[in-house]
$ cat coords-v3.tsv   # TSV, C-alpha atoms and all ligand atoms
chain	number	residue	atom	x	y	z
R	457	MET	CA	0.00	0.00	0.00
R	458	HIS	CA	1.35	3.42	-0.90
R	459	THR	CA	0.10	6.19	1.30
R	460	GLU	CA	0.73	9.71	0.02
R	461	GLU	CA	0.39	11.05	3.51
R	462	PHE	CA	1.08	8.45	6.19
R	463	SER	CA	-1.69	8.99	8.68
R	464	LEU	CA	-4.91	7.24	9.60
R	465	GLU	CA	-6.77	9.64	7.30
R	466	GLY	CA	-4.32	8.93	4.46
R	467	VAL	CA	-4.78	5.16	4.87
R	468	LYS	CA	-8.56	5.56	4.94
R	469	ASN	CA	-8.50	7.70	1.80
R	470	GLU	CA	-6.47	5.12	0.00
R	471	LEU	CA	-8.87	2.35	0.98
R	472	TYR	CA	-11.79	4.44	-0.30
R	473	GLN	CA	-9.96	5.10	-3.57
R	474	ARG	CA	-9.71	1.38	-4.26
R	475	HIS	CA	-13.43	1.27	-5.10
R	476	HIS	CA	-13.37	-2.43	-4.37
R	477	PRO	CA	-16.81	-4.06	-4.74
R	478	SER	CA	-16.40	-6.02	-1.50
R	479	LEU	CA	-14.91	-3.13	0.47
R	480	THR	CA	-17.81	-0.99	1.63
R	481	ASN	CA	-17.49	2.11	3.80
R	482	ILE	CA	-18.57	-0.07	6.75
R	483	ASP	CA	-15.54	-2.34	6.20
R	484	ILE	CA	-13.21	0.58	5.72
R	485	GLU	CA	-14.36	2.37	8.86
R	486	ALA	CA	-14.09	-0.90	10.81
R	487	HIS	CA	-10.59	-1.86	9.64
R	488	ALA	CA	-8.71	1.31	8.64
R	489	GLU	CA	-7.18	1.80	12.06
R	490	THR	CA	-5.83	-1.76	12.19
R	491	VAL	CA	-4.39	-1.37	8.68
R	492	TYR	CA	-2.80	1.92	9.72
R	493	ASN	CA	-1.27	0.41	12.89
R	494	ILE	CA	0.13	-2.53	10.91
R	495	LEU	CA	1.69	-0.30	8.26
R	496	LYS	CA	3.17	2.00	10.90
R	497	LEU	CA	4.87	-0.87	12.77
R	498	LYS	CA	5.90	-2.59	9.55
R	499	LYS	CA	7.73	0.57	8.54
R	500	LYS	CA	9.21	1.21	12.00
R	501	HIS	CA	10.77	-2.27	12.15
R	502	ASN	CA	11.62	-2.51	8.45
R	503	VAL	CA	9.63	-5.73	8.09
R	504	LEU	CA	9.34	-7.48	4.73
R	505	MET	CA	5.70	-8.47	4.43
R	506	LEU	CA	5.08	-11.11	1.76
R	507	GLY	CA	1.49	-11.69	0.63
R	508	HIS	CA	0.26	-14.78	-1.20
R	509	ASN	CA	-2.35	-14.24	-3.92
R	510	TYR	CA	-4.96	-16.05	-1.76
R	511	MET	CA	-4.91	-13.47	1.04
R	512	GLU	CA	-8.15	-11.60	1.61
R	513	PRO	CA	-7.94	-8.15	-0.02
R	514	LEU	CA	-7.18	-6.10	3.11
R	515	VAL	CA	-4.39	-8.46	4.17
R	516	PHE	CA	-3.11	-8.71	0.58
R	517	GLY	CA	-2.93	-4.91	0.38
R	518	LEU	CA	-0.53	-4.77	3.35
R	519	SER	CA	2.24	-5.97	1.03
R	520	GLU	CA	3.88	-3.84	-1.65
R	521	THR	CA	2.83	-4.96	-5.15
R	522	SER	CA	6.31	-6.40	-5.77
R	523	GLU	CA	6.00	-8.40	-2.55
R	524	GLN	CA	2.73	-10.10	-3.51
R	525	GLY	CA	2.59	-13.24	-5.63
R	526	ASP	CA	2.65	-17.00	-6.03
R	527	SER	CA	4.80	-19.55	-4.21
R	528	LEU	CA	7.66	-19.19	-6.68
R	529	GLY	CA	7.77	-15.37	-6.69
R	530	LEU	CA	7.53	-15.14	-2.91
R	531	SER	CA	10.35	-17.68	-2.44
R	532	MET	CA	12.55	-15.66	-4.76
R	533	HIS	CA	11.80	-12.54	-2.79
R	534	ALA	CA	12.53	-14.18	0.55
R	535	ALA	CA	15.88	-15.46	-0.74
R	536	LYS	CA	17.25	-12.00	-1.44
R	537	THR	CA	15.87	-9.78	1.30
R	538	GLU	CA	18.12	-7.87	3.69
R	539	ALA	CA	15.26	-7.30	6.17
R	540	GLN	CA	15.75	-9.06	9.51
R	541	TYR	CA	12.03	-9.78	9.92
R	542	ILE	CA	9.87	-11.46	7.31
R	543	ILE	CA	6.13	-11.73	7.96
R	544	PHE	CA	4.82	-14.31	5.51
R	545	ASN	CA	1.11	-13.87	4.91
R	546	GLY	CA	0.40	-17.34	3.62
R	547	VAL	CA	0.51	-20.86	5.08
R	548	PRO	CA	3.46	-22.24	7.09
R	549	PHE	CA	4.95	-24.49	4.35
R	550	MET	CA	5.50	-21.30	2.32
R	551	ALA	CA	7.13	-19.57	5.27
R	552	GLU	CA	9.40	-22.58	5.77
R	553	THR	CA	10.74	-22.02	2.26
R	554	ALA	CA	11.60	-18.43	3.22
R	555	LYS	CA	13.42	-19.68	6.33
R	556	ILE	CA	15.37	-22.30	4.37
R	557	LEU	CA	16.52	-19.76	1.81
R	558	ASN	CA	17.39	-17.09	4.36
R	559	PRO	CA	18.01	-18.95	7.64
R	560	LEU	CA	19.49	-16.03	9.58
R	561	LYS	CA	16.26	-14.05	9.25
R	562	THR	CA	13.30	-14.24	11.60
R	563	VAL	CA	10.34	-15.63	9.64
R	564	LEU	CA	6.93	-15.08	11.21
R	565	VAL	CA	3.44	-16.31	10.36
R	566	ALA	CA	0.06	-15.15	11.63
R	567	ASP	CA	-1.15	-18.66	12.45
R	568	LYS	CA	1.16	-21.63	12.75
R	569	SER	CA	-1.82	-24.01	12.88
R	570	ALA	CA	-2.76	-23.20	9.25
R	571	GLY	CA	-2.11	-26.33	7.23
R	572	CYS	CA	-2.55	-27.43	3.62
R	573	SER	CA	-4.20	-30.70	2.56
R	574	LEU	CA	-1.24	-31.49	0.30
R	575	ALA	CA	1.56	-30.82	2.80
R	576	ASP	CA	-0.33	-32.29	5.77
R	577	ASN	CA	-1.08	-35.62	4.09
R	578	PHE	CA	2.31	-36.49	2.68
R	579	GLY	CA	5.46	-36.42	4.78
R	580	ALA	CA	9.09	-37.48	4.68
R	581	GLU	CA	8.20	-41.13	5.40
R	582	ASP	CA	5.86	-41.18	2.40
R	583	VAL	CA	8.62	-39.84	0.14
R	584	LYS	CA	10.99	-42.53	1.44
R	585	LYS	CA	8.46	-45.30	0.75
R	586	LEU	CA	7.97	-44.20	-2.85
R	587	LYS	CA	11.69	-43.70	-3.41
R	588	ALA	CA	12.23	-47.29	-2.32
R	589	LEU	CA	9.77	-48.45	-4.99
R	590	TYR	CA	11.54	-46.54	-7.78
R	591	PRO	CA	15.27	-46.54	-6.98
R	592	GLY	CA	17.29	-44.14	-9.10
R	593	VAL	CA	14.29	-42.16	-10.39
R	594	PRO	CA	14.66	-38.43	-9.61
R	595	VAL	CA	12.13	-37.21	-7.05
R	596	MET	CA	10.45	-33.90	-7.81
R	597	ILE	CA	8.42	-32.53	-4.91
R	598	TYR	CA	5.76	-29.87	-5.14
R	599	ILE	CA	6.48	-26.82	-2.99
R	600	ASN	CA	3.23	-27.55	-1.08
R	601	SER	CA	5.09	-29.88	1.29
R	602	TYR	CA	6.99	-29.51	4.55
R	603	ALA	CA	10.74	-29.06	4.74
R	604	ASP	CA	11.50	-32.59	6.00
R	605	ALA	CA	9.71	-34.09	2.98
R	606	LYS	CA	11.61	-31.73	0.67
R	607	ALA	CA	14.86	-32.85	2.31
R	608	GLU	CA	14.15	-36.39	0.98
R	609	SER	CA	13.72	-35.12	-2.60
R	610	ASP	CA	16.02	-34.19	-5.47
R	611	ILE	CA	14.28	-31.08	-6.71
R	612	CYS	CA	11.35	-28.89	-5.77
R	613	CYS	CA	8.89	-27.21	-8.13
R	614	THR	CA	5.87	-24.93	-8.05
R	615	SER	CA	2.92	-24.71	-10.39
R	616	ALA	CA	4.82	-22.00	-12.28
R	617	ASN	CA	7.74	-24.20	-13.32
R	618	ALA	CA	6.83	-27.90	-12.92
R	619	ALA	CA	6.76	-28.76	-16.63
R	620	LYS	CA	10.03	-26.97	-17.37
R	621	ILE	CA	11.82	-28.63	-14.45
R	622	ALA	CA	10.48	-32.11	-15.22
R	623	GLN	CA	11.70	-31.77	-18.81
R	624	ALA	CA	15.15	-30.73	-17.67
R	625	MET	CA	15.63	-33.61	-15.21
R	626	PRO	CA	17.91	-36.46	-16.31
R	627	GLY	CA	16.44	-39.81	-17.36
R	628	GLU	CA	13.17	-40.89	-18.88
R	629	GLU	CA	11.18	-41.03	-15.67
R	630	ILE	CA	10.34	-38.62	-12.90
R	631	LEU	CA	8.66	-39.34	-9.56
R	632	PHE	CA	6.33	-36.46	-8.71
R	633	VAL	CA	4.84	-36.05	-5.21
R	634	PRO	CA	2.43	-35.51	-3.53
R	635	ASP	CA	-0.38	-34.00	-5.65
R	636	ILE	CA	-2.18	-36.68	-7.66
R	637	PHE	CA	-4.18	-34.32	-9.91
R	638	PHE	CA	-1.10	-32.21	-10.55
R	639	SER	CA	0.84	-35.39	-11.46
R	640	GLN	CA	-1.84	-36.37	-13.97
R	641	ASN	CA	-1.87	-32.84	-15.39
R	642	LEU	CA	1.90	-32.90	-15.70
R	643	GLU	CA	1.71	-36.26	-17.46
R	644	GLN	CA	-0.71	-34.73	-19.99
R	645	GLU	CA	1.46	-31.65	-20.44
R	646	LEU	CA	4.61	-33.67	-21.12
R	647	MET	CA	2.76	-35.79	-23.71
R	648	GLY	CA	4.92	-38.86	-23.25
R	649	GLU	CA	8.17	-36.90	-23.40
R	650	LYS	CA	8.85	-38.21	-19.91
R	651	THR	CA	7.12	-40.87	-17.80
R	652	VAL	CA	5.60	-39.35	-14.69
R	653	LEU	CA	5.38	-41.74	-11.73
R	654	TYR	CA	3.24	-40.68	-8.78
R	655	PRO	CA	1.36	-41.95	-5.72
R	656	GLY	CA	-1.41	-44.37	-6.69
R	657	LYS	CA	-0.11	-45.01	-10.21
R	658	GLY	CA	0.86	-48.69	-10.18
R	659	ASN	CA	1.51	-48.51	-6.43
R	660	GLN	CA	-0.56	-48.46	-3.25
R	661	GLU	CA	0.65	-45.09	-1.90
R	662	PRO	CA	-2.22	-42.66	-1.24
R	663	GLY	CA	-0.69	-39.28	-2.17
R	664	ALA	CA	-2.82	-36.17	-1.64
R	665	VAL	CA	-4.97	-33.61	-3.42
R	666	CYS	CA	-5.81	-29.97	-2.76
R	667	GLU	CA	-9.08	-29.92	-0.82
R	668	VAL	CA	-9.98	-26.59	-2.43
R	669	HIS	CA	-9.27	-27.28	-6.10
R	670	GLU	CA	-10.75	-30.79	-6.00
R	671	ARG	CA	-14.14	-29.16	-5.46
R	672	PHE	CA	-14.36	-28.03	-9.09
R	673	SER	CA	-15.84	-30.75	-11.29
R	674	LEU	CA	-16.15	-30.80	-15.06
R	675	GLN	CA	-19.93	-30.44	-14.62
R	676	ASP	CA	-19.35	-27.30	-12.54
R	677	LEU	CA	-17.20	-25.78	-15.24
R	678	LEU	CA	-19.72	-26.58	-17.96
R	679	ALA	CA	-22.49	-25.03	-15.84
R	680	ILE	CA	-20.33	-21.93	-15.28
R	681	ARG	CA	-19.69	-21.63	-19.02
R	682	ASP	CA	-23.42	-21.82	-19.53
R	683	SER	CA	-24.71	-19.52	-16.80
R	684	PHE	CA	-21.97	-16.88	-17.03
R	685	GLU	CA	-21.91	-17.06	-20.82
R	686	ILE	CA	-18.27	-17.97	-21.26
R	687	PRO	CA	-18.53	-20.28	-24.30
R	688	LYS	CA	-15.50	-22.31	-25.30
R	689	GLY	CA	-13.43	-20.47	-27.87
R	690	HIS	CA	-14.86	-17.03	-27.09
R	691	PRO	CA	-12.02	-14.59	-27.75
R	692	GLU	CA	-12.77	-12.24	-24.83
R	693	ARG	CA	-14.38	-14.49	-22.21
R	694	ILE	CA	-11.90	-16.76	-20.53
R	695	LEU	CA	-12.17	-19.68	-18.14
R	696	TYR	CA	-9.00	-20.08	-16.09
R	697	ALA	CA	-7.92	-23.01	-13.88
R	698	HIS	CA	-5.09	-23.72	-11.48
R	699	TRP	CA	-2.80	-26.72	-11.99
R	700	GLU	CA	-4.15	-28.35	-8.82
R	701	CYS	CA	-7.57	-28.89	-10.43
R	702	ARG	CA	-8.74	-32.27	-11.74
R	703	PRO	CA	-7.35	-33.21	-15.21
R	704	GLU	CA	-10.78	-32.92	-16.87
R	705	VAL	CA	-11.16	-29.41	-15.41
R	706	LEU	CA	-7.76	-28.34	-16.71
R	707	HIS	CA	-8.63	-29.82	-20.08
R	708	GLU	CA	-11.83	-27.77	-20.22
R	709	ALA	CA	-10.14	-24.50	-19.18
R	710	ASP	CA	-9.03	-21.95	-21.76
R	711	TYR	CA	-5.85	-21.21	-19.81
R	712	TYR	CA	-4.16	-22.84	-16.83
R	713	GLY	CA	-1.20	-21.84	-14.70
R	714	SER	CA	0.01	-20.80	-11.28
R	715	THR	CA	-1.82	-18.00	-9.49
R	716	SER	CA	0.66	-15.39	-10.77
R	717	GLN	CA	0.69	-16.82	-14.31
R	718	ILE	CA	-3.10	-16.45	-14.36
R	719	ARG	CA	-2.68	-12.86	-13.14
R	720	ARG	CA	-0.07	-12.13	-15.82
R	721	ASP	CA	-2.28	-13.57	-18.56
R	722	ILE	CA	-5.15	-11.34	-17.42
R	723	ALA	CA	-2.84	-8.29	-17.27
R	724	LYS	CA	-1.64	-8.99	-20.82
R	725	ARG	CA	-5.16	-9.35	-22.18
R	726	VAL	CA	-6.27	-6.19	-20.34
R	727	GLU	CA	-3.37	-4.29	-21.91
R	728	GLU	CA	-4.34	-5.62	-25.35
R	729	ASN	CA	-7.97	-4.81	-24.61
R	730	THR	CA	-9.04	-8.40	-25.33
R	731	LEU	CA	-10.63	-9.47	-22.04
R	732	GLU	CA	-14.22	-8.82	-21.10
R	733	ARG	CA	-15.17	-11.57	-18.62
R	734	ALA	CA	-13.36	-14.24	-16.62
R	735	PHE	CA	-13.95	-17.10	-14.23
R	736	ILE	CA	-11.05	-18.61	-12.30
R	737	ALA	CA	-11.28	-22.18	-11.00
R	738	SER	CA	-9.15	-21.54	-7.95
R	739	GLU	CA	-9.33	-20.08	-4.46
R	740	CYS	CA	-11.90	-17.29	-4.38
R	741	GLU	CA	-9.75	-14.51	-2.87
R	742	LEU	CA	-7.47	-14.72	-5.90
R	743	THR	CA	-10.44	-13.48	-7.88
R	744	SER	CA	-11.22	-10.78	-5.27
R	745	ASN	CA	-7.68	-9.42	-5.57
R	746	LEU	CA	-7.77	-9.53	-9.37
R	747	ALA	CA	-11.16	-7.79	-9.40
R	748	GLN	CA	-9.59	-4.96	-7.45
R	749	GLU	CA	-6.59	-4.73	-9.77
R	750	PHE	CA	-8.59	-4.98	-13.01
R	751	PRO	CA	-11.87	-3.15	-12.35
R	752	THR	CA	-12.98	-3.12	-16.00
R	753	ILE	CA	-13.20	-6.94	-16.17
R	754	GLN	CA	-16.35	-8.83	-15.18
R	755	PHE	CA	-15.13	-11.50	-12.79
R	756	TRP	CA	-17.31	-14.31	-11.53
R	757	THR	CA	-16.31	-16.27	-8.50
R	758	ALA	CA	-17.41	-19.19	-6.33
R	759	CYS	CA	-17.27	-17.45	-2.94
R	760	SER	CA	-17.48	-20.68	-0.98
R	761	VAL	CA	-14.30	-22.06	-2.56
R	762	ARG	CA	-12.08	-20.57	0.12
R	763	CYS	CA	-8.97	-22.21	1.55
R	764	SER	CA	-9.70	-22.49	5.29
R	765	HIS	CA	-5.95	-22.52	5.98
R	766	MET	CA	-5.20	-19.31	4.09
R	767	ALA	CA	-8.28	-17.77	5.74
R	768	LYS	CA	-6.59	-18.09	9.14
R	769	VAL	CA	-4.40	-15.11	8.27
R	770	SER	CA	-6.27	-12.04	9.49
R	771	LEU	CA	-5.49	-8.36	10.03
R	772	ASP	CA	-5.76	-8.78	13.80
R	773	LYS	CA	-3.29	-11.65	13.89
R	774	VAL	CA	-0.80	-9.75	11.72
R	775	LEU	CA	-1.08	-6.75	14.05
R	776	ARG	CA	-0.50	-9.03	17.05
R	777	ILE	CA	2.85	-10.17	15.59
R	778	LEU	CA	3.96	-6.58	15.05
R	779	GLU	CA	2.84	-5.44	18.49
R	780	THR	CA	4.77	-8.33	20.05
R	781	LEU	CA	7.84	-7.36	18.04
R	782	ASP	CA	7.43	-3.72	19.05
R	783	SER	CA	7.15	-4.50	22.74
R	784	GLY	CA	10.08	-6.92	22.70
R	785	GLY	CA	7.71	-9.78	23.60
R	786	ASP	CA	7.92	-13.49	22.85
R	787	LEU	CA	7.68	-14.08	19.09
R	788	SER	CA	7.94	-17.87	19.35
R	789	PRO	CA	4.18	-18.50	18.83
R	790	HIS	CA	4.66	-16.99	15.36
R	791	GLU	CA	8.22	-17.90	14.49
R	792	VAL	CA	9.01	-20.60	11.94
R	793	THR	CA	11.86	-22.75	13.21
R	794	LEU	CA	13.57	-25.70	11.56
R	795	SER	CA	16.52	-27.81	12.64
R	796	PRO	CA	19.87	-27.08	10.90
R	797	GLU	CA	19.77	-30.61	9.40
R	798	VAL	CA	16.35	-30.08	7.83
R	799	ILE	CA	17.37	-26.64	6.53
R	800	GLU	CA	20.50	-28.16	5.00
R	801	GLY	CA	18.58	-31.07	3.46
R	802	ALA	CA	15.76	-28.97	2.02
R	803	ARG	CA	17.95	-26.15	0.74
R	804	SER	CA	19.44	-27.93	-2.27
R	805	PRO	CA	16.13	-29.10	-3.87
R	806	ILE	CA	14.77	-25.55	-3.48
R	807	GLU	CA	17.93	-23.85	-4.72
R	808	ARG	CA	18.13	-26.23	-7.68
R	809	MET	CA	14.58	-25.19	-8.56
R	810	LEU	CA	15.43	-21.48	-8.30
R	811	GLU	CA	18.49	-21.93	-10.53
R	812	MET	CA	16.17	-23.40	-13.18
R	813	SER	CA	13.50	-20.67	-12.88
R	814	ASP	CA	13.39	-17.28	-14.64
R	901	LIG	P1	0.70	-20.90	-6.46
R	901	LIG	O1	2.11	-21.34	-6.36
R	901	LIG	O2	0.15	-20.94	-7.83
R	901	LIG	O3	0.53	-19.56	-5.82
R	901	LIG	O4	-0.22	-21.93	-5.66
R	901	LIG	C1	-0.08	-22.19	-4.30
R	901	LIG	C2	-1.23	-22.90	-3.77
R	901	LIG	O5	-1.29	-23.26	-2.63
R	901	LIG	C3	-2.31	-23.19	-4.70
R	901	LIG	O6	-3.37	-23.75	-4.03
R	902	LIG	FE1	-3.06	-26.13	0.23
R	902	LIG	FE2	-5.10	-26.13	-1.45
R	902	LIG	FE3	-5.01	-24.33	0.47
R	902	LIG	FE4	-3.31	-24.17	-1.60
R	902	LIG	S1	-5.53	-23.94	-1.67
R	902	LIG	S2	-2.79	-23.93	0.56
R	902	LIG	S3	-2.96	-26.34	-2.00
R	902	LIG	S4	-5.20	-26.54	0.73

$ encode --input "coords-v3.tsv" --output "structure tokens"
Amino acid sequence: MHTEEFSLEGVKNELYQRHHPSLTNIDIEAHAETVYNILKLKKKHNVLMLGHNYMEPLVFGLSETSEQGDSLGLSMHAAKTEAQYIIFNGVPFMAETAKILNPLKTVLVADKSAGCSLADNFGAEDVKKLKALYPGVPVMIYINSYADAKAESDICCTSANAAKIAQAMPGEEILFVPDIFFSQNLEQELMGEKTVLYPGKGNQEPGAVCEVHERFSLQDLLAIRDSFEIPKGHPERILYAHWECRPEVLHEADYYGSTSQIRRDIAKRVEENTLERAFIASECELTSNLAQEFPTIQFWTACSVRCSHMAKVSLDKVLRILETLDSGGDLSPHEVTLSPEVIEGARSPIERMLEMSD
């Protein structure tokens, strides 16, 4: 957020100027003071505040535009910051990546209990079991996993670079964990160029799926096309999907990518004046944030498709971290800590990924 004049009034004015459809004067009057207090303390302590694209708009707006993004972009940012304190507005597996890449910094999250159905349901032991079934096959792990599982893997990837990294790995096979839908989507994308092995494919390992993206079915997408009048092939009405969706959903979509790739595609079409209407099969606050950034586009969203883990990050909790920091209190309830061994083990798969990303 850029405030011309840094005062409560200045912050309020900026919130009013956003003209966001879901930000009424009632919301602004209720939350402006908290936003102001957060920004004041953020500045005072030179805190880097990273914001994932799934943050609710008021939390998302606490981060500078260049400090908002997808898992890949935020990791890159965390790796190069000089700031001693990083508040990561996202879920803990993302904050762990920041800690691994910049271990001398203090990485803080609003709610350590926020999980992720992918990371929570597939740990280091699961990676070991699959590795034992496919000795010698490189293991590529999705960033939505905890550090100890990454430490058992050869390379990490995000939804922004999975296909590129899989193609560049040696050998004819790749073992991808833990997301089953993503694995199947990757298999389709690589079109036989490489064999993708994954949990449940010729083995008994359960793997995991995203509990948010699995909710979109092909029938839902066809109904959305119909009711929101986004026919297939329409040049200015686009149906987007995230890589974590079911294969048939991705197949139906007009464009798929990571959250930031979807944003960039929209920005490009807006610049070319070729986008009128869009639906995004992903977490609903992504659409809220895009609706604020691109007010001329008609966005449709499924409001109930909210990630309950991402939703645990609230303005009040972010303010609590900063107030604790300001008073010299105990930050441990918010601090992400990892053992030196896990940091060491997880660093190389993440760094290898970053070396292969633009
Ligand atoms: P992105 O890397 O695309 O931001 O996705 C992260 C995520 O958790 C998607 O559900
Ligand atoms: Fe995990 Fe899905 Fe939530 Fe992303 S949207 S954090 S993959 S549960």

$ atom_distance --input "coords-v3.tsv" --atom1 "CA of Phe637 in chain R" --atom2 "CA of Ala679 in chain R"
21.4 Å

$ atom_distance --input "coords-v3.tsv" --atom1 "CA of Glu811 in chain R" --atom2 "CA of Ala619 in chain R"
14.9 Å

$ atom_distance --input "coords-v3.tsv" --atom1 "CA of Ser531 in chain R" --atom2 "CA of Thr715 in chain R"
14.1 Å

$ residues_near_ligand --input "coords-v3.tsv" --ligand "ligand LIG 902 (chain R)" --cutoff "7 Å" --atoms "only C-alpha atoms and all ligand atoms" --output "list in words"
Val547, Cys572, Ser573, Leu574, Asn600, Cys666, Glu667, Val668, His669, Glu739, Cys763, Ser764, His765 and Met766 of chain R

$ closest_residue --input "coords-v3.tsv" --among "R:Lys568, R:Arg681, R:Arg733, R:His476" --to "Ile777 in chain R" --atoms "only C-alpha atoms"
R:Lys568

$ residues_near_ligand --input "coords-v3.tsv" --ligand "ligand LIG 901 (chain R)" --cutoff "8 Å" --atoms "only C-alpha atoms and all ligand atoms" --output "ChimeraX atom specification"
/R:508-510,525-528,572,599-600,614-616,666,668-669,698-700,713-717,738-739

$ closest_residue --input "coords-v3.tsv" --among "R:Pro591, R:Leu586, R:Glu708, R:Glu685" --to "Gln660 in chain R" --atoms "all atoms listed in the file"
R:Leu586

$ closest_residue --input "coords-v3.tsv" --among "R:Asn502, R:Asn558, R:Ser744, R:Met511" --to "Ala539 in chain R" --atoms "only C-alpha atoms"
R:Asn502

$ residues_around --input "coords-v3.tsv" --residues "Glu692 in chain R" --least-positions-apart "5" --cutoff "10 Å" --atoms "all atoms listed in the file" --output "PyMOL selection string"
chain R and resi 686-687+725-726+729-734

$ closest_residue --input "coords-v3.tsv" --among "R:Met809, R:Val583, R:Ala570, R:Ile799" --to "Pro662 in chain R" --atoms "all atoms listed in the file"
R:Val583

$ residues_around --input "coords-v3.tsv" --residues "Lys773 in chain R" --least-positions-apart "2" --cutoff "12 Å" --atoms "all atoms listed in the file" --output "MDAnalysis selection string"
chainID R and resid 490:491 494 515 543:545 564:568 767:771 775:780 789:790

$ closest_residue --input "coords-v3.tsv" --among "R:His707, R:Arg474, R:Lys536, R:Lys650" --to "Lys688 in chain R" --atoms "only C-alpha atoms"
R:His707

$ closest_residue --input "coords-v3.tsv" --among "R:Leu695, R:Ala588, R:Leu781, R:Ile722" --to "Thr757 in chain R" --atoms "only C-alpha atoms"
R:Leu695

$ axis_aligned_box --input "coords-v3.tsv" --around "range 773-787 of chain R" --padding-each-side "5 Å" --output "lines of an AutoDock Vina configuration file"
center_x = 3.4
center_y = -8.9
center_z = 17.7
size_x = 23.4
size_y = 20.4
size_z = 21.9

$ residues_around --input "coords-v3.tsv" --residues "Gly801 in chain R" --least-positions-apart "4" --cutoff "8 Å" --atoms "all atoms listed in the file" --output "number ranges by chain"
R: 604, 606-608, 797, 805

$ residues_around --input "coords-v3.tsv" --residues "Leu794 in chain R" --least-positions-apart "5" --cutoff "12 Å" --atoms "only C-alpha atoms" --output "short mmCIF file (atom, residue, chain, number, x, y, z; two decimals) with C-alpha atoms, in the frame of the given file"
data_model
loop_
_atom_site.label_atom_id
_atom_site.label_comp_id
_atom_site.auth_asym_id
_atom_site.auth_seq_id
_atom_site.Cartn_x
_atom_site.Cartn_y
_atom_site.Cartn_z
CA PRO R 548 3.46 -22.24 7.09
CA PHE R 549 4.95 -24.49 4.35
CA ALA R 551 7.13 -19.57 5.27
CA GLU R 552 9.40 -22.58 5.77
CA THR R 553 10.74 -22.02 2.26
CA ALA R 554 11.60 -18.43 3.22
CA LYS R 555 13.42 -19.68 6.33
CA ILE R 556 15.37 -22.30 4.37
CA LEU R 557 16.52 -19.76 1.81
CA ASN R 558 17.39 -17.09 4.36
CA PRO R 559 18.01 -18.95 7.64
CA LEU R 560 19.49 -16.03 9.58
CA THR R 562 13.30 -14.24 11.60
CA VAL R 563 10.34 -15.63 9.64
CA TYR R 602 6.99 -29.51 4.55
CA ALA R 603 10.74 -29.06 4.74
CA ASP R 604 11.50 -32.59 6.00
CA ALA R 607 14.86 -32.85 2.31
CA ILE R 799 17.37 -26.64 6.53
CA GLU R 800 20.50 -28.16 5.00
CA GLY R 801 18.58 -31.07 3.46
CA ALA R 802 15.76 -28.97 2.02
CA ARG R 803 17.95 -26.15 0.74
#

$ residues_around --input "coords-v3.tsv" --residues "Gly663 in chain R" --least-positions-apart "6" --cutoff "9 Å" --atoms "all atoms listed in the file" --output "PyMOL selection string"
chain R and resi 574+577-578+582+633-636+654-656

$ write_last_selection --input "coords-v3.tsv" --atoms "C-alpha atoms" --output "PDB file, in the coordinates of the input"
ATOM      1  CA  LEU R 574      -1.240 -31.490   0.300  1.00  0.00           C
ATOM      2  CA  ASN R 577      -1.080 -35.620   4.090  1.00  0.00           C
ATOM      3  CA  PHE R 578       2.310 -36.490   2.680  1.00  0.00           C
ATOM      4  CA  ASP R 582       5.860 -41.180   2.400  1.00  0.00           C
ATOM      5  CA  VAL R 633       4.840 -36.050  -5.210  1.00  0.00           C
ATOM      6  CA  PRO R 634       2.430 -35.510  -3.530  1.00  0.00           C
ATOM      7  CA  ASP R 635      -0.380 -34.000  -5.650  1.00  0.00           C
ATOM      8  CA  ILE R 636      -2.180 -36.680  -7.660  1.00  0.00           C
ATOM      9  CA  TYR R 654       3.240 -40.680  -8.780  1.00  0.00           C
ATOM     10  CA  PRO R 655       1.360 -41.950  -5.720  1.00  0.00           C
ATOM     11  CA  GLY R 656      -1.410 -44.370  -6.690  1.00  0.00           C
TER      12      GLY R 656
END
